[in-house]
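Structure data (mmCIF, C-alpha atoms) from data_24.cif:
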data_query
#
loop_
_atom_site.group_PDB
_atom_site.id
_atom_site.type_symbol
_atom_site.label_atom_id
_atom_site.label_comp_id
_atom_site.auth_asym_id
_atom_site.auth_seq_id
_atom_site.Cartn_x
_atom_site.Cartn_y
_atom_site.Cartn_z
ATOM 1 C CA MET A 1 100.276 83.463 148.972
ATOM 2 C CA SER A 2 99.647 87.157 149.497
ATOM 3 C CA LEU A 3 98.361 89.479 146.823
ATOM 4 C CA ALA A 4 101.681 91.365 147.011
ATOM 5 C CA GLU A 5 103.407 88.152 145.914
ATOM 6 C CA ILE A 6 101.226 87.594 142.871
ATOM 7 C CA ILE A 7 100.906 91.177 141.604
ATOM 8 C CA LYS A 8 104.067 93.250 141.379
ATOM 9 C CA PRO A 9 104.136 97.032 140.851
ATOM 10 C CA ASP A 10 105.367 96.659 137.252
ATOM 11 C CA SER A 11 102.309 94.516 136.484
ATOM 12 C CA VAL A 12 99.895 97.379 137.181
ATOM 13 C CA LEU A 13 98.994 100.040 134.629
ATOM 14 C CA CYS A 14 96.884 103.105 135.329
ATOM 15 C CA ASN A 15 95.054 105.135 132.663
ATOM 16 C CA ALA A 16 95.782 102.746 129.808
ATOM 17 C CA HIS A 17 94.235 103.466 126.434
ATOM 18 C CA ALA A 18 92.492 100.454 124.884
ATOM 19 C CA ARG A 19 90.411 100.679 121.721
ATOM 20 C CA SER A 20 88.469 97.489 122.405
ATOM 21 C CA LYS A 21 88.166 94.398 124.576
ATOM 22 C CA LYS A 22 90.673 92.631 122.326
ATOM 23 C CA HIS A 23 93.171 95.489 122.589
ATOM 24 C CA CYS A 24 92.694 95.505 126.381
ATOM 25 C CA LEU A 25 93.543 91.788 126.488
ATOM 26 C CA GLU A 26 96.674 92.481 124.409
ATOM 27 C CA ILE A 27 97.834 95.089 126.925
ATOM 28 C CA LEU A 28 97.012 92.742 129.796
ATOM 29 C CA SER A 29 99.018 89.942 128.146
ATOM 30 C CA GLU A 30 102.081 92.186 127.983
ATOM 31 C CA LEU A 31 101.789 92.933 131.701
ATOM 32 C CA LEU A 32 101.193 89.306 132.661
ATOM 33 C CA VAL A 33 104.352 87.985 130.956
ATOM 34 C CA ARG A 34 106.791 90.535 132.386
ATOM 35 C CA PRO A 35 108.225 88.148 135.022
ATOM 36 C CA PHE A 36 108.530 85.233 132.562
ATOM 37 C CA ALA A 37 111.411 85.346 130.093
ATOM 38 C CA ASP A 38 110.272 82.162 128.321
ATOM 39 C CA VAL A 39 106.561 83.012 127.887
ATOM 40 C CA ALA A 40 105.414 85.020 124.876
ATOM 41 C CA ALA A 41 102.730 87.667 125.300
ATOM 42 C CA GLU A 42 101.086 86.338 122.128
ATOM 43 C CA ASP A 43 100.619 82.937 123.778
ATOM 44 C CA ILE A 44 98.969 84.481 126.841
ATOM 45 C CA PHE A 45 96.824 86.699 124.606
ATOM 46 C CA GLU A 46 95.576 83.621 122.726
ATOM 47 C CA ARG A 47 94.775 81.858 126.014
ATOM 48 C CA LEU A 48 92.824 84.878 127.257
ATOM 49 C CA ILE A 49 90.902 85.084 123.970
ATOM 50 C CA GLU A 50 90.113 81.351 124.195
ATOM 51 C CA ARG A 51 88.873 81.852 127.755
ATOM 52 C CA GLU A 52 86.625 84.734 126.638
ATOM 53 C CA ARG A 53 85.116 82.453 123.999
ATOM 54 C CA LEU A 54 84.069 80.068 126.780
ATOM 55 C CA GLY A 55 82.267 82.875 128.567
ATOM 56 C CA CYS A 56 82.686 86.551 129.268
ATOM 57 C CA THR A 57 84.980 87.289 132.205
ATOM 58 C CA SER A 58 83.266 90.555 133.062
ATOM 59 C CA MET A 59 82.019 90.553 136.640
ATOM 60 C CA THR A 60 79.573 93.472 136.059
ATOM 61 C CA GLN A 61 79.837 96.997 137.479
ATOM 62 C CA GLY A 62 82.694 97.907 135.137
ATOM 63 C CA VAL A 63 85.060 95.130 136.229
ATOM 64 C CA ALA A 64 86.528 92.206 134.281
ATOM 65 C CA PHE A 65 88.587 89.260 135.524
ATOM 66 C CA PRO A 66 90.300 87.596 132.538
ATOM 67 C CA HIS A 67 92.202 84.503 133.636
ATOM 68 C CA SER A 68 93.827 81.400 132.231
ATOM 69 C CA ARG A 69 95.682 78.260 133.198
ATOM 70 C CA VAL A 70 99.272 78.081 131.941
ATOM 71 C CA ASP A 71 101.459 75.000 131.470
ATOM 72 C CA GLY A 72 104.656 75.113 133.526
ATOM 73 C CA LEU A 73 103.445 77.845 135.867
ATOM 74 C CA GLU A 74 104.082 76.946 139.507
ATOM 75 C CA GLU A 75 102.163 79.757 141.202
ATOM 76 C CA SER A 76 99.619 82.421 140.361
ATOM 77 C CA HIS A 77 100.655 85.687 138.733
ATOM 78 C CA ALA A 78 98.441 88.743 138.250
ATOM 79 C CA ALA A 79 98.237 92.099 136.502
ATOM 80 C CA MET A 80 95.803 94.990 136.672
ATOM 81 C CA ILE A 81 94.768 97.743 134.305
ATOM 82 C CA LYS A 82 92.688 100.834 134.932
ATOM 83 C CA LEU A 83 91.493 102.060 131.553
ATOM 84 C CA SER A 84 91.298 105.779 130.830
ATOM 85 C CA ASP A 85 88.058 105.149 128.927
ATOM 86 C CA PRO A 86 85.852 102.085 129.499
ATOM 87 C CA VAL A 87 85.481 99.505 126.706
ATOM 88 C CA ASP A 88 82.646 97.164 125.804
ATOM 89 C CA PHE A 89 83.428 93.782 127.377
ATOM 90 C CA ASP A 90 80.140 92.004 126.610
ATOM 91 C CA SER A 91 79.243 92.400 130.291
ATOM 92 C CA PRO A 92 76.059 90.749 131.586
ATOM 93 C CA ASP A 93 74.876 94.120 132.926
ATOM 94 C CA GLY A 94 75.754 95.931 129.673
ATOM 95 C CA GLU A 95 78.179 98.254 131.474
ATOM 96 C CA PRO A 96 81.527 99.018 129.825
ATOM 97 C CA VAL A 97 84.636 97.906 131.724
ATOM 98 C CA ASP A 98 87.358 100.176 133.086
ATOM 99 C CA LEU A 99 88.973 97.914 135.729
ATOM 100 C CA VAL A 100 90.614 94.740 134.438
ATOM 101 C CA PHE A 101 92.355 92.242 136.709
ATOM 102 C CA GLY A 102 94.185 89.424 134.917
ATOM 103 C CA LEU A 103 95.310 86.198 136.556
ATOM 104 C CA LEU A 104 97.462 83.320 135.341
ATOM 105 C CA VAL A 105 97.278 80.102 137.340
ATOM 106 C CA PRO A 106 98.918 76.672 137.022
ATOM 107 C CA VAL A 107 97.120 74.011 134.975
ATOM 108 C CA GLU A 108 96.703 71.889 138.114
ATOM 109 C CA LEU A 109 95.060 74.162 140.647
ATOM 110 C CA SER A 110 96.049 73.869 144.298
ATOM 111 C CA GLU A 111 94.046 75.027 147.302
ATOM 112 C CA GLN A 112 96.216 78.157 147.283
ATOM 113 C CA ASP A 113 95.307 78.881 143.652
ATOM 114 C CA TYR A 114 91.616 78.608 144.507
ATOM 115 C CA ALA A 115 92.206 80.906 147.489
ATOM 116 C CA ASP A 116 93.936 83.427 145.185
ATOM 117 C CA ILE A 117 90.953 83.370 142.813
ATOM 118 C CA ASN A 118 88.493 83.821 145.674
ATOM 119 C CA LEU A 119 90.549 86.712 147.069
ATOM 120 C CA VAL A 120 90.555 88.512 143.715
ATOM 121 C CA THR A 121 86.816 88.085 143.188
ATOM 122 C CA SER A 122 86.122 89.326 146.731
ATOM 123 C CA LEU A 123 88.330 92.365 146.185
ATOM 124 C CA LEU A 124 86.745 93.249 142.870
ATOM 125 C CA ALA A 125 83.260 92.899 144.350
ATOM 126 C CA ASP A 126 84.026 95.571 146.985
ATOM 127 C CA GLU A 127 82.298 98.778 145.886
ATOM 128 C CA GLY A 128 84.474 101.024 148.062
ATOM 129 C CA LEU A 129 87.660 99.490 146.697
ATOM 130 C CA ARG A 130 86.437 99.863 143.103
ATOM 131 C CA ARG A 131 85.731 103.549 143.790
ATOM 132 C CA ARG A 132 89.255 104.046 145.210
ATOM 133 C CA LEU A 133 90.840 102.178 142.281
ATOM 134 C CA ARG A 134 88.958 104.380 139.819
ATOM 135 C CA ALA A 135 90.240 107.490 141.634
ATOM 136 C CA ALA A 136 93.899 106.417 141.296
ATOM 137 C CA ASN A 137 96.046 108.715 139.166
ATOM 138 C CA SER A 138 99.178 106.596 138.806
ATOM 139 C CA SER A 139 100.171 102.956 138.485
ATOM 140 C CA LYS A 140 101.963 103.210 141.832
ATOM 141 C CA ASP A 141 98.787 104.477 143.526
ATOM 142 C CA LEU A 142 96.674 101.818 141.810
ATOM 143 C CA HIS A 143 98.980 99.071 143.138
ATOM 144 C CA ALA A 144 99.019 100.549 146.663
ATOM 145 C CA ILE A 145 95.212 100.878 146.750
ATOM 146 C CA LEU A 146 94.813 97.290 145.594
ATOM 147 C CA LEU A 147 97.152 95.946 148.292
ATOM 148 C CA ASP A 148 95.522 98.147 150.931
ATOM 149 C CA GLY A 149 92.116 96.807 149.902
ATOM 150 C CA CYS A 150 93.450 93.285 150.336
ATOM 151 C CA ARG A 151 94.733 94.054 153.831
ATOM 152 C CA ASN A 152 91.370 95.593 154.759
ATOM 153 C CA LEU A 153 89.481 92.589 153.386
ATOM 154 C CA GLN A 154 91.615 90.150 155.353
ATOM 155 C CA ALA A 155 91.612 92.167 158.601
ATOM 156 C CA PRO A 156 89.537 90.596 161.381
ATOM 157 C CA VAL A 157 86.327 92.396 162.195
ATOM 158 C CA ALA A 158 86.602 94.141 165.563
ATOM 159 C CA GLY A 159 84.388 92.535 168.171
ATOM 160 C CA ALA A 160 83.556 89.533 165.981
ATOM 161 C CA ALA A 161 85.125 87.007 168.312
ATOM 162 C CA GLY A 162 84.297 86.553 171.947
ATOM 163 C CA SER A 163 81.231 88.783 171.998
ATOM 164 C CA GLY A 164 78.076 87.640 173.676
#
In structure tokens, what does this structure look like?
Amino acid sequence: MSLAEIIKPDSVLCNAHARSKKHCLEILSELLVRPFADVAAEDIFERLIERERLGCTSMTQGVAFPHSRVDGLEESHAAMIKLSDPVDFDSPDGEPVDLVFGLLVPVELSEQDYADINLVTSLLADEGLRRRLRAANSSKDLHAILLDGCRNLQAPVAGAAGSG
């Protein structure tokens, strides 16, 4: 599944104002449930809070990756927030978080779900992409930069094959 299939433009929010980690997770929950008429944001919020209790989802360098398994979900669904002001996320490096990528996955993970998770972590680890995401001024730009970063990550390296 491509990133464009799991994160839709209306699931991306640029320059959001969150007072705390908890408030950030509330905003993220609202974005994550948009495509699901029968899933309550409060339920997703509780799942994300439970997941945080198991261990902080901050990846360091101002990025967090809250995620949860959801009963009845057939494929991954994502949302992203760029915060206007970073919030304390209990990060291992002590840095506040301003980029938050949320992911919902099915309870029974498939190879594709694992691939989606690996793709997201690779994207968020890319320093250049993080810099471009932080420079975004609109939700539309944030979404486009994210998808462009995915295309660049998946593009074959020129000269990698057949050299030598």
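The result of the PyMOL selection byres ((chain A and resi 93-96) around 10) on the shown file is Lys21, Ser58, Met59, Thr60, Gln61, Gly62, Val63, Ala64, Asp85, Pro86, Val87, Asp88, Phe89, Asp90, Ser91, Pro92, Val97, Asp98 and Leu99 of chain A.
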Compile the contact shell of segment 144-154 of chain A as a ChimeraX atom specification: residues with an atom at most 9 Å away, counting only C-alpha atoms, same-chain residues fewer than 3 positions apart removed. /A:2-4,9,119-120,122-123,126,128-129,132-133,136,139-141,157
Do you know which residues are at most 8 Å from Val70 of chain A counting all atoms listed in the file, after dropping those on the same chain fewer than 2 positions away, and could you put them as JSON, numbers by chain? {"A": [68, 72, 73, 104, 105, 106, 107]}
Keeping C-alpha atoms for every residue in the selection just given, could you write it to a file as a PDB file, keeping the file's coordinate frame?
ATOM      1  CA  SER A  68      93.827  81.400 132.231  1.00  0.00           C
ATOM      2  CA  GLY A  72     104.656  75.113 133.526  1.00  0.00           C
ATOM      3  CA  LEU A  73     103.445  77.845 135.867  1.00  0.00           C
ATOM      4  CA  LEU A 104      97.462  83.320 135.341  1.00  0.00           C
ATOM      5  CA  VAL A 105      97.278  80.102 137.340  1.00  0.00           C
ATOM      6  CA  PRO A 106      98.918  76.672 137.022  1.00  0.00           C
ATOM      7  CA  VAL A 107      97.120  74.011 134.975  1.00  0.00           C
TER       8      VAL A 107
END
Hey, can you check how far atom CA of Ser84 of chain A sits from atom CA of Ala16 of chain A? 5.5 Å
Rounded to one decimal, what separation in Å do you get between atom CA of Arg130 of chain A and atom CA of Val33 of chain A? 24.7 Å
Can you translate the PyMOL selection byres ((chain A and resi 67) around 8) into the concrete residues it hits in this file, as an MDAnalysis selection string? chainID A and resid 48 51 57 65:66 68:69 102:105
Picked residues, the PyMOL selection byres ((chain A and resi 13) around 6), as a list in words: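 On the file shown, the PyMOL selection byres ((chain A and resi 13) around 6) covers Val12, Cys14, Ile81 and Ser139 of chain A.
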For Glu5 of chain A, which of A:Lys82, A:His143, A:His77, A:Arg134 is the closest residue, counting all atoms listed in the file? A:His77
I'd like to know which of A:Gln112, A:Ser20, A:Ser11, A:Ser29 is closest to Ala78 of chain A, using all atoms listed in the file. A:Ser11
Distance criterion (only C-alpha atoms): nearest to Asn15 of chain A out of A:Leu32, A:Ile117, A:Val39, A:Leu142: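 Of all the options, A:Leu142 lies closest to Asn15 of chain A.
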What is the atom CA of Ile7 of chain A to atom CA of Cys56 of chain A distance in Å? 22.5 Å
Completion step: segment 129-157 of chain A with N, CA and C atoms as a PDB file, in the coordinates of the input:
ATOM      1  N   LEU A 129      86.356  99.689 147.317  1.00  0.00           N
ATOM      2  CA  LEU A 129      87.660  99.490 146.697  1.00  0.00           C
ATOM      3  C   LEU A 129      87.612  99.886 145.218  1.00  0.00           C
ATOM      4  N   ARG A 130      86.554  99.480 144.522  1.00  0.00           N
ATOM      5  CA  ARG A 130      86.437  99.863 143.103  1.00  0.00           C
ATOM      6  C   ARG A 130      86.453 101.385 142.961  1.00  0.00           C
ATOM      7  N   ARG A 131      85.768 102.076 143.831  1.00  0.00           N
ATOM      8  CA  ARG A 131      85.731 103.549 143.790  1.00  0.00           C
ATOM      9  C   ARG A 131      87.142 104.117 143.996  1.00  0.00           C
ATOM     10  N   ARG A 132      87.886 103.569 144.967  1.00  0.00           N
ATOM     11  CA  ARG A 132      89.255 104.046 145.210  1.00  0.00           C
ATOM     12  C   ARG A 132      90.175 103.728 144.030  1.00  0.00           C
ATOM     13  N   LEU A 133      90.023 102.536 143.446  1.00  0.00           N
ATOM     14  CA  LEU A 133      90.840 102.178 142.281  1.00  0.00           C
ATOM     15  C   LEU A 133      90.571 103.137 141.126  1.00  0.00           C
ATOM     16  N   ARG A 134      89.310 103.468 140.927  1.00  0.00           N
ATOM     17  CA  ARG A 134      88.958 104.380 139.819  1.00  0.00           C
ATOM     18  C   ARG A 134      89.491 105.782 140.055  1.00  0.00           C
ATOM     19  N   ALA A 135      89.722 106.156 141.308  1.00  0.00           N
ATOM     20  CA  ALA A 135      90.240 107.490 141.634  1.00  0.00           C
ATOM     21  C   ALA A 135      91.764 107.566 141.528  1.00  0.00           C
ATOM     22  N   ALA A 136      92.433 106.433 141.375  1.00  0.00           N
ATOM     23  CA  ALA A 136      93.899 106.417 141.296  1.00  0.00           C
ATOM     24  C   ALA A 136      94.380 107.198 140.076  1.00  0.00           C
ATOM     25  N   ASN A 137      95.489 107.912 140.255  1.00  0.00           N
ATOM     26  CA  ASN A 137      96.046 108.715 139.166  1.00  0.00           C
ATOM     27  C   ASN A 137      97.370 108.191 138.630  1.00  0.00           C
ATOM     28  N   SER A 138      97.905 107.153 139.271  1.00  0.00           N
ATOM     29  CA  SER A 138      99.178 106.596 138.806  1.00  0.00           C
ATOM     30  C   SER A 138      99.174 105.086 139.027  1.00  0.00           C
ATOM     31  N   SER A 139     100.044 104.409 138.328  1.00  0.00           N
ATOM     32  CA  SER A 139     100.171 102.956 138.485  1.00  0.00           C
ATOM     33  C   SER A 139     100.611 102.616 139.904  1.00  0.00           C
ATOM     34  N   LYS A 140     101.497 103.428 140.462  1.00  0.00           N
ATOM     35  CA  LYS A 140     101.963 103.210 141.832  1.00  0.00           C
ATOM     36  C   LYS A 140     100.798 103.303 142.813  1.00  0.00           C
ATOM     37  N   ASP A 141      99.962 104.323 142.653  1.00  0.00           N
ATOM     38  CA  ASP A 141      98.787 104.477 143.526  1.00  0.00           C
ATOM     39  C   ASP A 141      97.812 103.334 143.338  1.00  0.00           C
ATOM     40  N   LEU A 142      97.603 102.922 142.101  1.00  0.00           N
ATOM     41  CA  LEU A 142      96.674 101.818 141.810  1.00  0.00           C
ATOM     42  C   LEU A 142      97.128 100.548 142.536  1.00  0.00           C
ATOM     43  N   HIS A 143      98.423 100.248 142.473  1.00  0.00           N
ATOM     44  CA  HIS A 143      98.980  99.071 143.138  1.00  0.00           C
ATOM     45  C   HIS A 143      98.806  99.179 144.653  1.00  0.00           C
ATOM     46  N   ALA A 144      99.124 100.347 145.214  1.00  0.00           N
ATOM     47  CA  ALA A 144      99.019 100.549 146.663  1.00  0.00           C
ATOM     48  C   ALA A 144      97.564 100.415 147.140  1.00  0.00           C
ATOM     49  N   ILE A 145      96.631 100.968 146.390  1.00  0.00           N
ATOM     50  CA  ILE A 145      95.212 100.878 146.750  1.00  0.00           C
ATOM     51  C   ILE A 145      94.750  99.430 146.713  1.00  0.00           C
ATOM     52  N   LEU A 146      95.188  98.698 145.716  1.00  0.00           N
ATOM     53  CA  LEU A 146      94.813  97.290 145.594  1.00  0.00           C
ATOM     54  C   LEU A 146      95.322  96.490 146.795  1.00  0.00           C
ATOM     55  N   LEU A 147      96.585  96.673 147.150  1.00  0.00           N
ATOM     56  CA  LEU A 147      97.152  95.946 148.292  1.00  0.00           C
ATOM     57  C   LEU A 147      96.500  96.372 149.605  1.00  0.00           C
ATOM     58  N   ASP A 148      96.201  97.660 149.735  1.00  0.00           N
ATOM     59  CA  ASP A 148      95.522  98.147 150.931  1.00  0.00           C
ATOM     60  C   ASP A 148      94.123  97.531 151.033  1.00  0.00           C
ATOM     61  N   GLY A 149      93.440  97.437 149.921  1.00  0.00           N
ATOM     62  CA  GLY A 149      92.116  96.807 149.902  1.00  0.00           C
ATOM     63  C   GLY A 149      92.184  95.353 150.327  1.00  0.00           C
ATOM     64  N   CYS A 150      93.251  94.679 149.943  1.00  0.00           N
ATOM     65  CA  CYS A 150      93.450  93.285 150.336  1.00  0.00           C
ATOM     66  C   CYS A 150      93.665  93.179 151.834  1.00  0.00           C
ATOM     67  N   ARG A 151      94.492  94.054 152.375  1.00  0.00           N
ATOM     68  CA  ARG A 151      94.733  94.054 153.831  1.00  0.00           C
ATOM     69  C   ARG A 151      93.437  94.317 154.584  1.00  0.00           C
ATOM     70  N   ASN A 152      92.639  95.269 154.103  1.00  0.00           N
ATOM     71  CA  ASN A 152      91.370  95.593 154.759  1.00  0.00           C
ATOM     72  C   ASN A 152      90.388  94.428 154.684  1.00  0.00           C
ATOM     73  N   LEU A 153      90.381  93.729 153.561  1.00  0.00           N
ATOM     74  CA  LEU A 153      89.481  92.589 153.386  1.00  0.00           C
ATOM     75  C   LEU A 153      89.853  91.453 154.324  1.00  0.00           C
ATOM     76  N   GLN A 154      91.149  91.259 154.536  1.00  0.00           N
ATOM     77  CA  GLN A 154      91.615  90.150 155.353  1.00  0.00           C
ATOM     78  C   GLN A 154      91.710  90.485 156.834  1.00  0.00           C
ATOM     79  N   ALA A 155      91.532  91.773 157.194  1.00  0.00           N
ATOM     80  CA  ALA A 155      91.612  92.167 158.601  1.00  0.00           C
ATOM     81  C   ALA A 155      90.431  91.608 159.375  1.00  0.00           C
ATOM     82  N   PRO A 156      90.660  91.102 160.596  1.00  0.00           N
ATOM     83  CA  PRO A 156      89.537  90.596 161.381  1.00  0.00           C
ATOM     84  C   PRO A 156      88.599  91.723 161.766  1.00  0.00           C
ATOM     85  N   VAL A 157      87.327  91.413 161.816  1.00  0.00           N
ATOM     86  CA  VAL A 157      86.327  92.396 162.195  1.00  0.00           C
ATOM     87  C   VAL A 157      86.388  92.596 163.704  1.00  0.00           C
TER      88      VAL A 157
END
